file coords23.pdb (PDB, C-alpha atoms, pLDDT in the B column)
ATOM      1  CA  MET J  11       5.364   6.113 -13.408  1.00 88.00           C
ATOM      2  CA  ALA J  12       5.772   7.289  -9.805  1.00 89.00           C
ATOM      3  CA  TYR J  13       9.074   8.973 -10.548  1.00 89.00           C
ATOM      4  CA  SER J  14       7.578  10.726 -13.595  1.00 89.00           C
ATOM      5  CA  PHE J  15       4.611  11.888 -11.500  1.00 91.00           C
ATOM      6  CA  VAL J  16       6.932  13.340  -8.850  1.00 92.00           C
ATOM      7  CA  LYS J  17       9.028  15.125 -11.477  1.00 92.00           C
ATOM      8  CA  GLY J  18       5.952  16.511 -13.262  1.00 89.00           C
ATOM      9  CA  VAL J  19       6.756  14.786 -16.554  1.00 89.00           C
ATOM     10  CA  GLY J  20       4.186  11.989 -16.410  1.00 86.00           C
ATOM     11  CA  SER J  21       1.962  11.731 -19.445  1.00 84.00           C
ATOM     12  CA  TRP J  22      -1.627  10.538 -19.587  1.00 78.00           C
ATOM     13  CA  GLN J  23      -3.442  10.234 -22.901  1.00 81.00           C
ATOM     14  CA  GLY J  24      -0.899  12.504 -24.595  1.00 84.00           C
ATOM     15  CA  VAL J  25      -1.107  15.229 -21.947  1.00 84.00           C
ATOM     16  CA  THR J  26       1.608  15.999 -19.410  1.00 89.00           C
ATOM     17  CA  VAL J  27       0.102  15.520 -15.961  1.00 89.00           C
ATOM     18  CA  GLU J  28       0.877  18.011 -13.225  1.00 91.00           C
ATOM     19  CA  GLY J  29       0.028  16.371  -9.943  1.00 92.00           C
ATOM     20  CA  GLY J  30      -0.817  18.238  -6.773  1.00 93.00           C
ATOM     21  CA  GLN J  31       2.069  19.460  -4.647  1.00 95.00           C
ATOM     22  CA  SER J  32       1.218  17.429  -1.534  1.00 95.00           C
ATOM     23  CA  ALA J  33       0.665  14.277  -3.614  1.00 94.00           C
ATOM     24  CA  LYS J  34       4.048  14.713  -5.305  1.00 95.00           C
ATOM     25  CA  MET J  35       5.839  15.427  -2.022  1.00 95.00           C
ATOM     26  CA  PHE J  36       4.283  12.412  -0.304  1.00 94.00           C
ATOM     27  CA  LEU J  37       5.117  10.155  -3.241  1.00 94.00           C
ATOM     28  CA  GLN J  38       8.721  11.414  -3.333  1.00 95.00           C
ATOM     29  CA  ALA J  39       9.067  10.512   0.354  1.00 95.00           C
ATOM     30  CA  ALA J  40       7.567   7.075  -0.365  1.00 94.00           C
ATOM     31  CA  LEU J  41      10.039   6.446  -3.197  1.00 93.00           C
ATOM     32  CA  ASN J  42      12.929   7.464  -0.944  1.00 93.00           C
ATOM     33  CA  GLU J  43      11.684   5.173   1.821  1.00 94.00           C
ATOM     34  CA  GLN J  44      11.288   2.291  -0.630  1.00 90.00           C
ATOM     35  CA  THR J  45      14.913   2.663  -1.728  1.00 88.00           C
ATOM     36  CA  GLN J  46      16.067   2.864   1.903  1.00 90.00           C
ATOM     37  CA  ASN J  47      14.016  -0.225   2.793  1.00 88.00           C
ATOM     38  CA  PHE J  48      15.650  -2.143  -0.044  1.00 85.00           C
ATOM     39  CA  ALA J  49      19.110  -0.980   1.053  1.00 86.00           C
ATOM     40  CA  ASN J  50      18.374  -2.029   4.633  1.00 89.00           C
ATOM     41  CA  GLY J  51      17.563  -5.553   3.487  1.00 87.00           C
ATOM     42  CA  MET J  52      13.790  -5.448   3.876  1.00 87.00           C
ATOM     43  CA  SER J  53      12.076  -8.209   1.941  1.00 85.00           C
ATOM     44  CA  LEU J  54      10.550  -7.284  -1.391  1.00 82.00           C
ATOM     45  CA  VAL J  55       7.115  -8.358  -0.149  1.00 82.00           C
ATOM     46  CA  GLU J  56       7.286  -6.119   2.955  1.00 87.00           C
ATOM     47  CA  ALA J  57       8.744  -3.180   1.006  1.00 87.00           C
ATOM     48  CA  ASN J  58       5.987  -3.554  -1.611  1.00 86.00           C
ATOM     49  CA  THR J  59       3.310  -3.632   1.088  1.00 86.00           C
ATOM     50  CA  ARG J  60       4.619  -0.406   2.621  1.00 90.00           C
ATOM     51  CA  PHE J  61       5.027   1.320  -0.747  1.00 90.00           C
ATOM     52  CA  ARG J  62       1.533   0.305  -1.901  1.00 89.00           C
ATOM     53  CA  TRP J  63       0.061   1.826   1.263  1.00 89.00           C
ATOM     54  CA  HIS J  64       2.014   5.060   0.713  1.00 93.00           C
ATOM     55  CA  LEU J  65       1.080   5.173  -2.980  1.00 92.00           C
ATOM     56  CA  GLY J  66      -2.583   4.924  -2.000  1.00 89.00           C
ATOM     57  CA  ILE J  67      -2.157   7.816   0.429  1.00 91.00           C
ATOM     58  CA  ALA J  68      -0.429   9.898  -2.259  1.00 94.00           C
ATOM     59  CA  CYS J  69      -3.375   9.255  -4.581  1.00 91.00           C
ATOM     60  CA  GLU J  70      -5.778  10.255  -1.809  1.00 90.00           C
ATOM     61  CA  HIS J  71      -3.840  13.528  -1.568  1.00 93.00           C
ATOM     62  CA  GLN J  72      -4.260  13.916  -5.330  1.00 93.00           C
ATOM     63  CA  VAL J  73      -7.993  13.276  -5.116  1.00 89.00           C
ATOM     64  CA  GLY J  74      -8.261  15.991  -2.475  1.00 89.00           C
ATOM     65  CA  GLU J  75      -6.263  18.451  -4.558  1.00 92.00           C
ATOM     66  CA  SER J  76      -8.191  17.597  -7.737  1.00 89.00           C
ATOM     67  CA  SER J  77     -11.515  18.102  -5.985  1.00 85.00           C
ATOM     68  CA  VAL J  78     -10.772  21.830  -5.885  1.00 87.00           C
ATOM     69  CA  TYR J  79     -11.000  22.139  -9.680  1.00 85.00           C
ATOM     70  CA  ARG J  80     -12.901  19.012 -10.758  1.00 79.00           C
ATOM     71  CA  MET J  81     -15.607  19.585 -13.348  1.00 79.00           C
ATOM     72  CA  GLY J  82     -18.601  17.363 -12.565  1.00 77.00           C
ATOM     73  CA  ILE J  83     -17.920  13.757 -11.642  1.00 78.00           C
ATOM     74  CA  ILE J  84     -15.224  12.914 -14.181  1.00 81.00           C
ATOM     75  CA  PRO J  85     -11.832  12.095 -12.629  1.00 85.00           C
ATOM     76  CA  THR J  86      -9.083  14.569 -13.508  1.00 87.00           C
ATOM     77  CA  LYS J  87      -6.020  13.587 -15.517  1.00 89.00           C
ATOM     78  CA  PRO J  88      -3.818  13.549 -12.377  1.00 91.00           C
ATOM     79  CA  GLU J  89      -6.364  11.264 -10.677  1.00 89.00           C
ATOM     80  CA  GLN J  90      -6.462   8.976 -13.693  1.00 87.00           C
ATOM     81  CA  TYR J  91      -2.655   8.883 -13.667  1.00 91.00           C
ATOM     82  CA  CYS J  92      -2.792   7.898  -9.981  1.00 90.00           C
ATOM     83  CA  PHE J  93      -5.257   5.112 -10.794  1.00 85.00           C
ATOM     84  CA  GLU J  94      -2.889   3.841 -13.453  1.00 87.00           C
ATOM     85  CA  MET J  95       0.092   3.995 -11.056  1.00 88.00           C
ATOM     86  CA  LEU J  96      -1.825   1.924  -8.505  1.00 86.00           C
ATOM     87  CA  LYS J  97      -2.873  -0.624 -11.125  1.00 83.00           C
ATOM     88  CA  ALA J  98       0.613  -0.843 -12.608  1.00 83.00           C
ATOM     89  CA  PHE J  99       2.156  -1.307  -9.169  1.00 85.00           C
ATOM     90  CA  ASP J 100      -0.325  -4.029  -8.247  1.00 80.00           C
ATOM     91  CA  ALA J 101       0.303  -5.751 -11.576  1.00 77.00           C
ATOM     92  CA  GLU J 102       4.066  -5.673 -11.021  1.00 78.00           C
ATOM     93  CA  ALA J 103       3.639  -6.908  -7.459  1.00 76.00           C
ATOM     94  CA  ASN J 104       1.259  -9.621  -8.740  1.00 67.00           C
ATOM     95  CA  ASP J 105      -1.563  -8.490  -6.453  1.00 55.00           C
ATOM     96  CA  HIS J 106      -4.566  -7.068  -8.285  1.00 49.00           C
ATOM     97  CA  LYS J 107      -6.942  -6.972  -5.306  1.00 52.00           C
ATOM     98  CA  ASN J 108      -5.472  -3.871  -3.706  1.00 59.00           C
ATOM     99  CA  PHE J 109      -6.211  -1.458  -6.545  1.00 57.00           C
ATOM    100  CA  ALA J 110      -9.773  -2.751  -6.873  1.00 58.00           C
ATOM    101  CA  GLN J 111     -10.450  -2.225  -3.181  1.00 61.00           C
ATOM    102  CA  TRP J 112      -8.805   1.205  -3.207  1.00 62.00           C
ATOM    103  CA  PHE J 113     -10.864   2.225  -6.220  1.00 61.00           C
ATOM    104  CA  ILE J 114     -14.143   1.016  -4.697  1.00 61.00           C
ATOM    105  CA  ASP J 115     -13.358   3.020  -1.541  1.00 65.00           C
ATOM    106  CA  TYR J 116     -12.469   6.026  -3.708  1.00 63.00           C
ATOM    107  CA  VAL J 117     -15.752   5.832  -5.625  1.00 62.00           C
ATOM    108  CA  LYS J 118     -17.741   5.586  -2.395  1.00 64.00           C
ATOM    109  CA  GLY J 119     -15.944   8.621  -0.992  1.00 65.00           C
ATOM    110  CA  THR J 120     -16.404  10.865  -4.026  1.00 63.00           C
ATOM    111  CA  GLY J 121     -19.864   9.860  -5.142  1.00 62.00           C
ATOM    112  CA  ILE J 122     -18.673   9.126  -8.685  1.00 58.00           C
ATOM    113  CA  PRO J 123     -20.808   6.290 -10.058  1.00 55.00           C
ATOM    114  CA  LEU J 124     -18.638   3.269 -10.736  1.00 50.00           C
ATOM    115  CA  GLU J 125     -20.027   2.980 -14.261  1.00 51.00           C
ATOM    116  CA  SER J 126     -18.716   6.506 -15.036  1.00 50.00           C
ATOM    117  CA  TYR J 127     -15.152   5.326 -14.819  1.00 48.00           C
ATOM    118  CA  VAL J 128     -14.199   1.722 -15.375  1.00 46.00           C
ATOM    119  CA  PRO J 129     -10.420   1.401 -15.194  1.00 45.00           C
ATOM    120  CA  TYR J 130      -8.622  -0.132 -18.118  1.00 42.00           C
ATOM    121  CA  GLY J 131      -7.426  -3.722 -17.754  1.00 37.00           C
ATOM    122  CA  ILE J 132      -4.330  -4.453 -15.749  1.00 33.00           C
ATOM    123  CA  ILE J 133      -1.255  -5.275 -17.771  1.00 31.00           C
ATOM    124  CA  GLU J 134       0.209  -8.619 -16.796  1.00 34.00           C
ATOM    125  CA  LEU J 135       3.882  -8.396 -15.969  1.00 33.00           C
ATOM    126  CA  VAL J 136       6.384 -11.070 -14.967  1.00 33.00           C
ATOM    127  CA  ASP J 137       7.371 -10.277 -11.364  1.00 37.00           C
ATOM    128  CA  SER J 138      11.046 -11.177 -11.696  1.00 38.00           C
ATOM    129  CA  LYS J 139      11.597  -8.838 -14.654  1.00 45.00           C
ATOM    130  CA  ASN J 140       9.581  -5.793 -13.618  1.00 52.00           C
ATOM    131  CA  SER J 141      10.872  -2.437 -12.493  1.00 65.00           C
ATOM    132  CA  ILE J 142      10.146  -3.062  -8.803  1.00 63.00           C
ATOM    133  CA  GLY J 143      12.084  -6.326  -8.843  1.00 61.00           C
ATOM    134  CA  GLU J 144      14.934  -4.737 -10.753  1.00 66.00           C
ATOM    135  CA  LYS J 145      15.137  -1.795  -8.329  1.00 63.00           C
ATOM    136  CA  TRP J 146      15.088  -4.179  -5.358  1.00 62.00           C
ATOM    137  CA  ARG J 147      17.884  -6.324  -6.837  1.00 66.00           C
ATOM    138  CA  ALA J 148      20.064  -3.326  -7.726  1.00 69.00           C
ATOM    139  CA  VAL J 149      19.681  -1.608  -4.356  1.00 66.00           C
ATOM    140  CA  THR J 150      20.141  -4.757  -2.253  1.00 66.00           C
ATOM    141  CA  GLU J 151      23.211  -5.807  -4.261  1.00 71.00           C
ATOM    142  CA  ASP J 152      24.705  -2.330  -3.907  1.00 66.00           C
ATOM    143  CA  ALA J 153      23.979  -2.236  -0.169  1.00 67.00           C
ATOM    144  CA  SER J 154      25.429  -5.723   0.318  1.00 67.00           C
ATOM    145  CA  CYS J 155      28.586  -4.793  -1.551  1.00 67.00           C
ATOM    146  CA  ALA J 156      28.932  -1.567   0.433  1.00 64.00           C
ATOM    147  CA  ARG J 157      28.574  -3.480   3.739  1.00 65.00           C
ATOM    148  CA  TRP J 158      31.251  -5.952   2.620  1.00 63.00           C
ATOM    149  CA  TRP J 159      33.716  -3.147   1.841  1.00 64.00           C
ATOM    150  CA  ILE J 160      32.996  -1.407   5.154  1.00 67.00           C
ATOM    151  CA  GLN J 161      33.580  -4.658   7.049  1.00 67.00           C
ATOM    152  CA  ALA J 162      36.724  -5.422   5.061  1.00 65.00           C
ATOM    153  CA  ASN J 163      38.061  -1.929   5.785  1.00 68.00           C
ATOM    154  CA  GLU J 164      37.256  -2.245   9.510  1.00 70.00           C
ATOM    155  CA  ASN J 165      38.897  -5.683   9.729  1.00 69.00           C
ATOM    156  CA  MET J 166      42.177  -4.650   8.049  1.00 69.00           C
ATOM    157  CA  CYS J 167      43.678  -4.231  11.523  1.00 67.00           C
ATOM    158  CA  GLY J 168      46.007  -1.477  10.354  1.00 63.00           C
ATOM    159  CA  ILE J 169      47.350  -3.449   7.383  1.00 64.00           C
ATOM    160  CA  PRO J 170      48.162  -0.984   4.615  1.00 59.00           C
TER     161      PRO J 170
END
call {"tool": "encode", "arguments": {"input": "coords23.pdb", "output": "structure tokens"}}
result
Amino acid sequence: MAYSFVKGVGSWQGVTVEGGQSAKMFLQAALNEQTQNFANGMSLVEANTRFRWHLGIACEHQVGESSVYRMGIIPTKPEQYCFEMLKAFDAEANDHKNFAQWFIDYVKGTGIPLESYVPYGIIELVDSKNSIGEKWRAVTEDASCARWWIQANENMCGIP
């Protein structure tokens, strides 16, 4: 979802969502950092914690950009897409408390009554088979293999 949001091809309720420029740029940087953290051997838990924080900031950027053209108190499609990204990430990371707290803080900050927008239920996902886990495995395996080849090349001692 995050990649689709950054590329401007995310879809929400049958409509292509065009997120705000600063939200997309911040989220792109967060995705890049997440990949780098995986490659550097950071634990999945720590990398998820950092990415969740950055995803929340990207959504705060989106809220700010949406506020310019919001009609009434109804969240915009890009905001709703952000809410869904946060929920999906928390579901994949098996930690549902973070989205709820972020959303409560969001509602307090915007004045939107909580009953005006009740997020859809969180989809339960098996942690070991989700996209975050798969990305972490692929990047860490690739980085480990690359380190092995670099070390092997350095230790050849001039052997052709």
call {"tool": "closest_residue", "arguments": {"input": "coords23.pdb", "among": "J:Lys97, J:His64, J:Lys87, J:Arg80", "to": "Val25 (chain J)", "atoms": "all atoms listed in the file"}}
result
J:Lys87
call {"tool": "closest_residue", "arguments": {"input": "coords23.pdb", "among": "J:Leu65, J:Gly30, J:Gln23, J:Phe93", "to": "Ser77 (chain J)", "atoms": "all atoms listed in the file"}}
result
J:Gly30
call {"tool": "resolve_selection", "arguments": {"input": "coords23.pdb", "expression": "the PyMOL selection byres ((chain J and resi 31) around 10)", "output": "ChimeraX atom specification"}}
result
/J:16,18,28-30,32-37,71-72,75
call {"tool": "atom_distance", "arguments": {"input": "coords23.pdb", "atom1": "CA of Thr45 (chain J)", "atom2": "CA of Asn58 (chain J)"}}
result
10.9 Å
call {"tool": "atom_distance", "arguments": {"input": "coords23.pdb", "atom1": "CA of Val73 (chain J)", "atom2": "CA of Arg60 (chain J)"}}
result
20.2 Å
